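Source file: coords.pdb; contents: PDB, C-alpha atoms.
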```pdb
MODEL        1
ATOM      1  CA  MET A   6     103.806 -96.440 108.318
ATOM      2  CA  MET A   7     107.068 -97.667 109.788
ATOM      3  CA  SER A   8     107.906-101.305 109.046
ATOM      4  CA  ARG A   9     108.982-103.771 111.714
ATOM      5  CA  ASP A  10     112.619-103.657 110.563
ATOM      6  CA  GLN A  11     112.636 -99.866 110.448
ATOM      7  CA  LYS A  12     111.278 -99.739 113.988
ATOM      8  CA  LEU A  13     114.077-102.020 115.180
ATOM      9  CA  ILE A  14     116.693 -99.810 113.520
ATOM     10  CA  LEU A  15     115.194 -96.704 115.149
ATOM     11  CA  LEU A  16     115.104 -98.364 118.568
ATOM     12  CA  ASN A  17     118.766 -99.367 118.237
ATOM     13  CA  ILE A  18     119.710 -95.811 117.234
ATOM     14  CA  ILE A  19     117.895 -94.340 120.253
ATOM     15  CA  PHE A  20     119.478 -96.974 122.498
ATOM     16  CA  ALA A  21     123.048 -96.296 121.332
ATOM     17  CA  THR A  22     122.534 -92.519 121.408
ATOM     18  CA  SER A  23     121.240 -92.588 124.983
ATOM     19  CA  LEU A  24     124.286 -94.583 126.071
ATOM     20  CA  VAL A  25     126.802 -92.255 124.432
ATOM     21  CA  ILE A  26     125.090 -89.122 125.803
ATOM     22  CA  ALA A  27     124.885 -90.689 129.274
ATOM     23  CA  ASN A  28     128.637 -91.290 129.274
ATOM     24  CA  VAL A  29     129.250 -87.648 128.352
ATOM     25  CA  LEU A  30     127.013 -86.453 131.205
ATOM     26  CA  ALA A  31     128.238 -88.968 133.801
ATOM     27  CA  GLY A  32     130.897 -86.716 135.301
ATOM     28  CA  LYS A  33     128.471 -83.956 136.316
ATOM     29  CA  LEU A  34     126.824 -84.357 139.715
ATOM     30  CA  VAL A  35     123.408 -82.794 140.295
ATOM     31  CA  ALA A  36     122.409 -81.897 143.864
ATOM     32  CA  PHE A  37     118.694 -81.610 144.646
ATOM     33  CA  SER A  38     119.598 -81.206 148.327
ATOM     34  CA  GLU A  39     122.626 -81.683 150.576
ATOM     35  CA  THR A  40     122.124 -85.442 150.613
ATOM     36  CA  PHE A  41     120.209 -86.075 147.355
ATOM     37  CA  VAL A  42     122.987 -86.177 144.742
ATOM     38  CA  VAL A  43     122.828 -87.968 141.374
ATOM     39  CA  PRO A  44     124.898 -87.970 138.156
ATOM     40  CA  ALA A  45     123.361 -85.879 135.367
ATOM     41  CA  ALA A  46     123.283 -89.000 133.192
ATOM     42  CA  VAL A  47     120.645 -90.741 135.316
ATOM     43  CA  VAL A  48     117.625 -89.659 133.278
ATOM     44  CA  VAL A  49     118.929 -90.273 129.770
ATOM     45  CA  TYR A  50     120.571 -93.584 130.751
ATOM     46  CA  ALA A  51     117.256 -94.880 132.085
ATOM     47  CA  VAL A  52     115.936 -94.677 128.520
ATOM     48  CA  SER A  53     118.261 -97.526 127.521
ATOM     49  CA  PHE A  54     116.488 -99.975 129.857
ATOM     50  CA  LEU A  55     113.115 -99.031 128.416
ATOM     51  CA  ILE A  56     114.411 -99.645 124.896
ATOM     52  CA  THR A  57     115.920-102.993 125.912
ATOM     53  CA  ASP A  58     112.550-104.125 127.268
ATOM     54  CA  VAL A  59     110.687-102.947 124.162
ATOM     55  CA  ILE A  60     113.090-104.807 121.868
ATOM     56  CA  HIS A  61     112.871-107.900 124.083
ATOM     57  CA  GLU A  62     109.074-107.817 123.982
ATOM     58  CA  GLU A  63     108.834-107.113 120.257
ATOM     59  CA  TYR A  64     111.791-109.015 118.799
ATOM     60  CA  GLY A  65     112.848-111.560 121.410
ATOM     61  CA  LYS A  66     115.600-112.257 123.908
ATOM     62  CA  GLN A  67     118.400-112.822 121.394
ATOM     63  CA  GLN A  68     117.740-109.536 119.623
ATOM     64  CA  ALA A  69     117.805-107.720 122.972
ATOM     65  CA  LYS A  70     121.198-109.259 123.717
ATOM     66  CA  GLN A  71     122.467-108.222 120.298
ATOM     67  CA  THR A  72     121.324-104.653 120.940
ATOM     68  CA  ILE A  73     123.283-104.644 124.208
ATOM     69  CA  ILE A  74     126.447-105.723 122.372
ATOM     70  CA  PHE A  75     125.884-103.082 119.677
ATOM     71  CA  GLY A  76     125.470-100.477 122.397
ATOM     72  CA  PHE A  77     128.722-101.512 124.031
ATOM     73  CA  VAL A  78     130.538-101.221 120.698
ATOM     74  CA  ALA A  79     129.025 -97.754 120.207
ATOM     75  CA  GLN A  80     130.322 -96.659 123.615
ATOM     76  CA  ILE A  81     133.828 -97.940 122.892
ATOM     77  CA  PHE A  82     133.882 -96.278 119.473
ATOM     78  CA  ALA A  83     132.655 -92.972 120.920
ATOM     79  CA  SER A  84     135.277 -93.061 123.677
ATOM     80  CA  ILE A  85     138.072 -93.712 121.149
ATOM     81  CA  MET A  86     136.930 -90.875 118.875
ATOM     82  CA  ILE A  87     136.583 -88.452 121.810
ATOM     83  CA  TYR A  88     140.072 -89.348 123.027
ATOM     84  CA  PHE A  89     141.462 -88.962 119.499
ATOM     85  CA  GLY A  90     139.890 -85.509 119.292
ATOM     86  CA  GLN A  91     141.494 -84.611 122.604
ATOM     87  CA  LEU A  92     144.954 -85.496 121.271
ATOM     88  CA  LEU A  93     144.664 -83.304 118.165
ATOM     89  CA  PRO A  94     146.588 -80.001 118.404
ATOM     90  CA  VAL A  95     144.397 -77.083 119.406
ATOM     91  CA  ALA A  96     144.420 -73.845 117.403
ATOM     92  CA  PRO A  97     146.682 -71.166 118.994
ATOM     93  CA  PHE A  98     143.814 -68.668 119.242
ATOM     94  CA  ALA A  99     141.470 -71.172 120.952
ATOM     95  CA  GLN A 100     143.593 -72.566 123.766
ATOM     96  CA  GLU A 101     140.753 -72.215 126.288
ATOM     97  CA  SER A 102     138.610 -74.585 124.214
ATOM     98  CA  GLN A 103     140.989 -77.470 124.975
ATOM     99  CA  ALA A 104     140.372 -77.178 128.704
ATOM    100  CA  ALA A 105     136.613 -76.985 128.106
ATOM    101  CA  TYR A 106     136.799 -80.029 125.817
ATOM    102  CA  GLU A 107     138.683 -82.066 128.408
ATOM    103  CA  THR A 108     136.333 -80.978 131.197
ATOM    104  CA  LEU A 109     133.193 -81.894 129.243
ATOM    105  CA  LEU A 110     134.308 -84.934 127.275
ATOM    106  CA  GLY A 111     137.505 -86.170 128.886
ATOM    107  CA  GLN A 112     136.995 -89.549 130.558
ATOM    108  CA  ASN A 113     139.447 -91.072 132.986
ATOM    109  CA  ALA A 114     140.075 -94.795 133.147
ATOM    110  CA  ARG A 115     138.035 -95.098 136.330
ATOM    111  CA  PHE A 116     134.865 -93.767 134.684
ATOM    112  CA  VAL A 117     135.343 -95.936 131.618
ATOM    113  CA  LEU A 118     135.770 -99.050 133.764
ATOM    114  CA  ALA A 119     132.766 -98.161 135.930
ATOM    115  CA  SER A 120     130.562 -97.491 132.937
ATOM    116  CA  GLY A 121     131.524-100.658 131.074
ATOM    117  CA  ALA A 122     131.203-102.967 134.070
ATOM    118  CA  ALA A 123     127.878-101.507 135.182
ATOM    119  CA  TYR A 124     126.461-101.473 131.658
ATOM    120  CA  LEU A 125     127.224-105.066 130.667
ATOM    121  CA  THR A 126     126.222-106.543 134.017
ATOM    122  CA  SER A 127     122.970-104.624 134.471
ATOM    123  CA  GLN A 128     121.743-104.882 130.882
ATOM    124  CA  PHE A 129     122.157-108.654 130.744
ATOM    125  CA  VAL A 130     120.489-108.958 134.156
ATOM    126  CA  ASP A 131     117.606-106.918 132.736
ATOM    127  CA  VAL A 132     117.219-109.363 129.843
ATOM    128  CA  TYR A 133     117.421-112.394 132.135
ATOM    129  CA  VAL A 134     114.839-111.100 134.643
ATOM    130  CA  PHE A 135     112.499-109.880 131.876
ATOM    131  CA  SER A 136     112.604-113.298 130.200
ATOM    132  CA  ALA A 137     112.159-115.177 133.484
ATOM    133  CA  VAL A 138     109.141-113.130 134.558
ATOM    134  CA  LYS A 139     107.619-113.398 131.087
ATOM    135  CA  ASN A 140     107.873-117.191 131.197
ATOM    136  CA  MET A 141     106.591-117.456 134.786
ATOM    137  CA  THR A 142     103.530-115.350 134.005
ATOM    138  CA  SER A 143     102.796-117.109 130.696
ATOM    139  CA  ASN A 144     103.329-113.926 128.726
ATOM    140  CA  ARG A 145     100.861-111.935 130.862
ATOM    141  CA  PHE A 146     101.321-108.863 133.074
ATOM    142  CA  LYS A 147     103.612-106.799 130.853
ATOM    143  CA  TRP A 148     103.918-104.145 133.557
ATOM    144  CA  MET A 149     105.375-106.731 135.932
ATOM    145  CA  ARG A 150     108.213-107.898 133.705
ATOM    146  CA  ASN A 151     108.948-104.330 132.612
ATOM    147  CA  ASN A 152     109.187-102.978 136.168
ATOM    148  CA  LEU A 153     110.805-105.972 137.893
ATOM    149  CA  SER A 154     113.539-106.278 135.258
ATOM    150  CA  THR A 155     114.238-102.547 135.340
ATOM    151  CA  ALA A 156     114.180-102.284 139.150
ATOM    152  CA  SER A 157     116.621-105.152 139.649
ATOM    153  CA  SER A 158     118.991-104.211 136.837
ATOM    154  CA  GLN A 159     119.003-100.526 137.756
ATOM    155  CA  PHE A 160     119.989-101.325 141.337
ATOM    156  CA  ILE A 161     122.911-103.407 140.075
ATOM    157  CA  ASP A 162     123.894-100.726 137.570
ATOM    158  CA  THR A 163     123.741 -97.958 140.176
ATOM    159  CA  THR A 164     125.717 -99.873 142.789
ATOM    160  CA  ILE A 165     128.486-100.964 140.413
ATOM    161  CA  PHE A 166     128.907 -97.629 138.640
ATOM    162  CA  ILE A 167     128.893 -95.348 141.673
ATOM    163  CA  THR A 168     131.110 -97.676 143.727
ATOM    164  CA  ILE A 169     133.805 -97.855 141.039
ATOM    165  CA  ALA A 170     133.506 -94.252 139.805
ATOM    166  CA  PHE A 171     133.107 -92.327 143.068
ATOM    167  CA  ALA A 172     134.446 -94.452 145.940
ATOM    168  CA  GLY A 173     136.792 -92.279 147.972
ATOM    169  CA  SER A 174     135.713 -89.042 146.271
ATOM    170  CA  VAL A 175     132.215 -88.472 147.693
ATOM    171  CA  PRO A 176     131.369 -88.186 151.410
ATOM    172  CA  ASN A 177     128.429 -90.609 151.484
ATOM    173  CA  LEU A 178     128.592 -93.307 148.811
ATOM    174  CA  TRP A 179     125.466 -95.231 149.862
ATOM    175  CA  MET A 180     123.364 -92.087 150.025
ATOM    176  CA  MET A 181     124.416 -91.317 146.459
ATOM    177  CA  ILE A 182     123.510 -94.858 145.390
ATOM    178  CA  LEU A 183     120.140 -94.627 147.124
ATOM    179  CA  SER A 184     119.426 -91.183 145.658
ATOM    180  CA  GLN A 185     120.141 -92.300 142.116
ATOM    181  CA  TYR A 186     118.186 -95.534 142.543
ATOM    182  CA  VAL A 187     115.109 -93.685 143.804
ATOM    183  CA  VAL A 188     115.219 -91.422 140.743
ATOM    184  CA  LYS A 189     115.587 -94.436 138.461
ATOM    185  CA  LEU A 190     112.626 -96.194 140.090
ATOM    186  CA  ALA A 191     110.502 -93.105 139.564
ATOM    187  CA  ILE A 192     111.513 -92.964 135.906
ATOM    188  CA  ALA A 193     110.770 -96.686 135.541
ATOM    189  CA  ALA A 194     107.249 -96.131 136.856
ATOM    190  CA  ILE A 195     106.747 -93.224 134.472
ATOM    191  CA  ASP A 196     107.972 -95.124 131.421
ATOM    192  CA  THR A 197     105.594 -98.072 131.958
ATOM    193  CA  PRO A 198     102.806 -96.448 129.881
ATOM    194  CA  ILE A 199     105.404 -95.734 127.176
ATOM    195  CA  PHE A 200     106.384 -99.410 127.222
ATOM    196  CA  TYR A 201     102.737-100.384 126.709
ATOM    197  CA  LEU A 202     102.379 -97.861 123.904
ATOM    198  CA  LEU A 203     105.466 -99.038 122.045
ATOM    199  CA  THR A 204     104.499-102.711 122.351
ATOM    200  CA  ARG A 205     100.756-102.296 121.705
ATOM    201  CA  GLN A 206     100.983-103.161 118.013
ATOM    202  CA  HIS A 207     102.832-106.369 118.855
ATOM    203  CA  LYS A 208     100.028-107.395 121.237
ATOM    204  CA  MET A 209      97.394-106.622 118.608
ATOM    205  CA  LYS A 210      99.201-108.814 116.077
ATOM    206  CA  GLN A 211      99.394-111.652 118.608
ATOM    207  CA  SER A 212      95.645-111.406 119.229
ATOM    208  CA  THR A 213      94.968-111.432 115.485
ATOM    209  CA  ARG A 214      97.033-114.593 115.020
ATOM    210  CA  VAL A 215      95.216-116.327 117.875
ATOM    211  CA  GLU A 216      91.829-115.417 116.436
ATOM    212  CA  ALA A 217      92.886-116.628 113.004
ATOM    213  CA  LYS A 218      93.786-120.045 114.425
ATOM    214  CA  GLN A 219      90.428-120.497 116.134
ATOM    215  CA  PRO A 220      87.878-122.636 114.217
ATOM    216  CA  ALA A 221      84.966-120.840 112.643
TER     217      ALA A 221
ENDMDL
END
```
Rewrite the coordinates I just gave you, this time as structure tokens.
Amino acid sequence: MMSRDQKLILLNIIFATSLVIANVLAGKLVAFSETFVVPAAVVVYAVSFLITDVIHEEYGKQQAKQTIIFGFVAQIFASIMIYFGQLLPVAPFAQESQAAYETLLGQNARFVLASGAAYLTSQFVDVYVFSAVKNMTSNRFKWMRNNLSTASSQFIDTTIFITIAFAGSVPNLWMMILSQYVVKLAIAAIDTPIFYLLTRQHKMKQSTRVEAKQPA
């Protein structure tokens, strides 16, 4: 069975991986209709907020903040390595691969700024709201702190990222923000049972400690 420390390591790996993949997918826009347009990264990036809440619930507020910093470092490192790979000379017989590489992985300064600003702001808001709701409800109603923290932080993330990354390049900025936010809210509702599942063992341990303290 996985130990508590091993679980934390795995959660941090999933968190960092979801961030790096989301940045790779951010430049592709997916249209479900003429007005319902979202970046391809919306689904995988939503995973990071679930992981933040699980770590916060299981390991505390400070550990959640540390995970956010680690994730930011992972994004910076990935961006540097991708840019370094772009600068390396391409083989003469594979010139077309350079254009494909730049199209898929090349990130302009605008996207990097949008991603970094949205990430740091929204993730720390998520931690703050999660902690505040947890304290106000005396550690009850896990679904409430999970959903309220995600809903508020995702709105901030969506607004900041799309405004910086796409202002002036898409016809209806607020419709794009609304479309992405609706998708994120739907994902947040779906991941609530997953949040309960991943934090169930922690709740069982808390109950065991309480029972152990009660007089016979």
Problem - Nearest residue to A:Gly90 from the set A:Glu107, A:Val78, A:Gln71, A:Met181 (distances using all atoms listed in the file) - result: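 Smallest separation from A:Gly90 among the options: A:Glu107.
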Exercise for the section: Between atom CA of A:Ser127 and atom CA of A:Lys33, measure the distance and give it in Å to one decimal. Expected result: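 Here the two named atoms are 21.5 Å from each other.
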Using all atoms of stretch 140-152 of chain A that appear in the file, construct an axis-aligned enclosing box with 5 Å of padding on every side and provide its centre coordinates and edge lengths in Å, rounded to one decimal, as AutoDock Vina command-line options.
```
--center_x 105.0 --center_y -110.2 --center_z 132.4 --size_x 18.3 --size_y 24.5 --size_z 17.4
```
Practice task
Would you list the contacts of A:Gln103 as a list in words, taking every protein, DNA or RNA residue within 10 Å and counting all atoms listed in the file, but skipping same-chain residues closer than 4 positions in sequence?
Solution key: Gly90, Gln91, Leu92, Leu93, Pro94, Val95, Ala96, Ala99, Glu107, Thr108 and Leu109 of chain A
Show me, as a Markdown table, the residues of stretch 87-173 of chain A having an atom within 12 Å of stretch 41-57 of chain A, each with the closest atom pair and its distance in Å, using only C-alpha atoms.
```
| residue | atom | partner | partner_atom | distance |
| --- | --- | --- | --- | --- |
| A:Ser120 | CA | A:Tyr50 | CA | 10.9 |
| A:Ala123 | CA | A:Tyr50 | CA | 11.7 |
| A:Tyr124 | CA | A:Tyr50 | CA | 9.9 |
| A:Leu125 | CA | A:Phe54 | CA | 11.9 |
| A:Ser127 | CA | A:Phe54 | CA | 9.2 |
| A:Gln128 | CA | A:Phe54 | CA | 7.3 |
| A:Phe129 | CA | A:Thr57 | CA | 9.7 |
| A:Val130 | CA | A:Phe54 | CA | 10.7 |
| A:Asp131 | CA | A:Phe54 | CA | 7.6 |
| A:Val132 | CA | A:Thr57 | CA | 7.6 |
| A:Tyr133 | CA | A:Thr57 | CA | 11.4 |
| A:Val134 | CA | A:Thr57 | CA | 12.0 |
| A:Phe135 | CA | A:Thr57 | CA | 9.7 |
| A:Ser136 | CA | A:Thr57 | CA | 11.6 |
| A:Trp148 | CA | A:Leu55 | CA | 11.7 |
| A:Arg150 | CA | A:Leu55 | CA | 11.4 |
| A:Asn151 | CA | A:Leu55 | CA | 7.9 |
| A:Asn152 | CA | A:Leu55 | CA | 9.5 |
| A:Leu153 | CA | A:Phe54 | CA | 11.5 |
| A:Ser154 | CA | A:Phe54 | CA | 8.8 |
| A:Thr155 | CA | A:Phe54 | CA | 6.5 |
| A:Ala156 | CA | A:Phe54 | CA | 9.8 |
| A:Ser157 | CA | A:Phe54 | CA | 11.1 |
| A:Ser158 | CA | A:Phe54 | CA | 8.5 |
| A:Gln159 | CA | A:Ala51 | CA | 8.2 |
| A:Phe160 | CA | A:Ala51 | CA | 11.6 |
| A:Asp162 | CA | A:Ala51 | CA | 10.4 |
| A:Thr163 | CA | A:Val47 | CA | 9.2 |
| A:Phe166 | CA | A:Pro44 | CA | 10.5 |
| A:Ile167 | CA | A:Pro44 | CA | 9.1 |
| A:Ala170 | CA | A:Pro44 | CA | 10.8 |
| A:Phe171 | CA | A:Pro44 | CA | 10.5 |
```
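Near A:Trp179, within a cut-off of 9 Å and counting all atoms listed in the file, sit the residues Thr164, Ile167, Thr168 and Ser184 of chain A, with same-chain residues fewer than 5 positions away left out.
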Handout entry: Contacts of A:Gln80 at 7 Å (only C-alpha atoms; same-chain gap of 3+ positions) as a PyMOL selection string
Key = chain A and resi 24-25+76-77+83-84
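Close contacts of A:Tyr64, defined as residues with an atom at most 12 Å away when counting all atoms listed in the file, with chain neighbours fewer than 5 positions off set aside, comprise Arg9, Asp10, Lys12, Leu13, Ile14, Leu16, Asn17, Ile56, Thr57, Asp58, Val59, Ala69, Lys70, Gln71, Thr72, Thr204 and His207 of chain A.
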Would you put the residues from that selection into a file with C-alpha atoms, as a PDB file, keeping the file's coordinate frame?
```pdb
ATOM      1  CA  ARG A   9     108.982-103.771 111.714  1.00  0.00           C
ATOM      2  CA  ASP A  10     112.619-103.657 110.563  1.00  0.00           C
ATOM      3  CA  LYS A  12     111.278 -99.739 113.988  1.00  0.00           C
ATOM      4  CA  LEU A  13     114.077-102.020 115.180  1.00  0.00           C
ATOM      5  CA  ILE A  14     116.693 -99.810 113.520  1.00  0.00           C
ATOM      6  CA  LEU A  16     115.104 -98.364 118.568  1.00  0.00           C
ATOM      7  CA  ASN A  17     118.766 -99.367 118.237  1.00  0.00           C
ATOM      8  CA  ILE A  56     114.411 -99.645 124.896  1.00  0.00           C
ATOM      9  CA  THR A  57     115.920-102.993 125.912  1.00  0.00           C
ATOM     10  CA  ASP A  58     112.550-104.125 127.268  1.00  0.00           C
ATOM     11  CA  VAL A  59     110.687-102.947 124.162  1.00  0.00           C
ATOM     12  CA  ALA A  69     117.805-107.720 122.972  1.00  0.00           C
ATOM     13  CA  LYS A  70     121.198-109.259 123.717  1.00  0.00           C
ATOM     14  CA  GLN A  71     122.467-108.222 120.298  1.00  0.00           C
ATOM     15  CA  THR A  72     121.324-104.653 120.940  1.00  0.00           C
ATOM     16  CA  THR A 204     104.499-102.711 122.351  1.00  0.00           C
ATOM     17  CA  HIS A 207     102.832-106.369 118.855  1.00  0.00           C
TER      18      HIS A 207
END
```
Reconstruct stretch 90-101 of chain A at the level of all heavy atoms, and format the result as a short mmCIF file (atom, residue, chain, number, x, y, z; two decimals), keeping the file's coordinate frame.
```cif
data_model
loop_
_atom_site.label_atom_id
_atom_site.label_comp_id
_atom_site.auth_asym_id
_atom_site.auth_seq_id
_atom_site.Cartn_x
_atom_site.Cartn_y
_atom_site.Cartn_z
N GLY A 90 140.11 -86.94 119.43
CA GLY A 90 139.89 -85.51 119.29
C GLY A 90 140.64 -84.71 120.34
O GLY A 90 141.11 -83.60 120.08
N GLN A 91 140.78 -85.28 121.52
CA GLN A 91 141.49 -84.61 122.60
C GLN A 91 142.98 -84.50 122.30
O GLN A 91 143.64 -83.53 122.68
CB GLN A 91 141.28 -85.39 123.90
CG GLN A 91 141.90 -84.76 125.14
CD GLN A 91 141.53 -85.52 126.40
OE1 GLN A 91 140.47 -86.11 126.49
NE2 GLN A 91 142.43 -85.51 127.37
N LEU A 92 143.53 -85.49 121.58
CA LEU A 92 144.95 -85.50 121.27
C LEU A 92 145.32 -84.56 120.13
O LEU A 92 146.49 -84.15 120.00
CB LEU A 92 145.39 -86.92 120.90
CG LEU A 92 145.31 -87.97 122.01
CD1 LEU A 92 145.75 -89.33 121.48
CD2 LEU A 92 146.14 -87.58 123.22
N LEU A 93 144.37 -84.19 119.30
CA LEU A 93 144.66 -83.30 118.16
C LEU A 93 145.11 -81.93 118.66
O LEU A 93 144.60 -81.43 119.67
CB LEU A 93 143.42 -83.16 117.28
CG LEU A 93 142.96 -84.42 116.55
CD1 LEU A 93 141.64 -84.16 115.81
CD2 LEU A 93 144.02 -84.89 115.57
N PRO A 94 146.08 -81.31 117.95
CA PRO A 94 146.59 -80.00 118.40
C PRO A 94 145.52 -78.91 118.30
O PRO A 94 144.82 -78.81 117.30
CB PRO A 94 147.75 -79.73 117.43
CG PRO A 94 147.44 -80.56 116.22
CD PRO A 94 146.76 -81.79 116.75
N VAL A 95 145.40 -78.14 119.36
CA VAL A 95 144.40 -77.08 119.41
C VAL A 95 144.93 -75.84 118.70
O VAL A 95 146.14 -75.58 118.70
CB VAL A 95 144.01 -76.75 120.87
CG1 VAL A 95 145.21 -76.20 121.63
CG2 VAL A 95 142.85 -75.79 120.91
N ALA A 96 144.03 -75.08 118.08
CA ALA A 96 144.42 -73.84 117.40
C ALA A 96 144.99 -72.85 118.41
O ALA A 96 144.47 -72.74 119.54
CB ALA A 96 143.22 -73.24 116.68
N PRO A 97 146.05 -72.11 118.05
CA PRO A 97 146.68 -71.17 118.99
C PRO A 97 145.73 -70.13 119.56
O PRO A 97 145.88 -69.70 120.71
CB PRO A 97 147.77 -70.50 118.14
CG PRO A 97 148.06 -71.48 117.05
CD PRO A 97 146.75 -72.16 116.76
N PHE A 98 144.74 -69.71 118.78
CA PHE A 98 143.81 -68.67 119.24
C PHE A 98 142.63 -69.23 120.03
O PHE A 98 141.75 -68.49 120.43
CB PHE A 98 143.28 -67.87 118.04
CG PHE A 98 142.62 -68.71 116.98
CD1 PHE A 98 141.29 -69.09 117.09
CD2 PHE A 98 143.35 -69.16 115.89
CE1 PHE A 98 140.69 -69.87 116.13
CE2 PHE A 98 142.76 -69.96 114.91
CZ PHE A 98 141.42 -70.32 115.03
N ALA A 99 142.60 -70.55 120.25
CA ALA A 99 141.47 -71.17 120.95
C ALA A 99 141.96 -72.14 122.03
O ALA A 99 141.41 -73.22 122.21
CB ALA A 99 140.57 -71.90 119.96
N GLN A 100 143.01 -71.71 122.75
CA GLN A 100 143.59 -72.57 123.77
C GLN A 100 142.59 -72.93 124.86
O GLN A 100 142.62 -74.03 125.40
CB GLN A 100 144.81 -71.87 124.39
CG GLN A 100 145.99 -71.72 123.44
CD GLN A 100 146.63 -73.05 123.08
OE1 GLN A 100 146.59 -74.00 123.86
NE2 GLN A 100 147.22 -73.12 121.89
N GLU A 101 141.71 -71.97 125.20
CA GLU A 101 140.75 -72.22 126.29
C GLU A 101 139.75 -73.31 125.93
O GLU A 101 139.17 -73.95 126.81
CB GLU A 101 140.00 -70.94 126.65
CG GLU A 101 139.07 -70.40 125.59
CD GLU A 101 139.78 -69.61 124.49
OE1 GLU A 101 141.03 -69.48 124.57
OE2 GLU A 101 139.10 -69.13 123.59
#
```
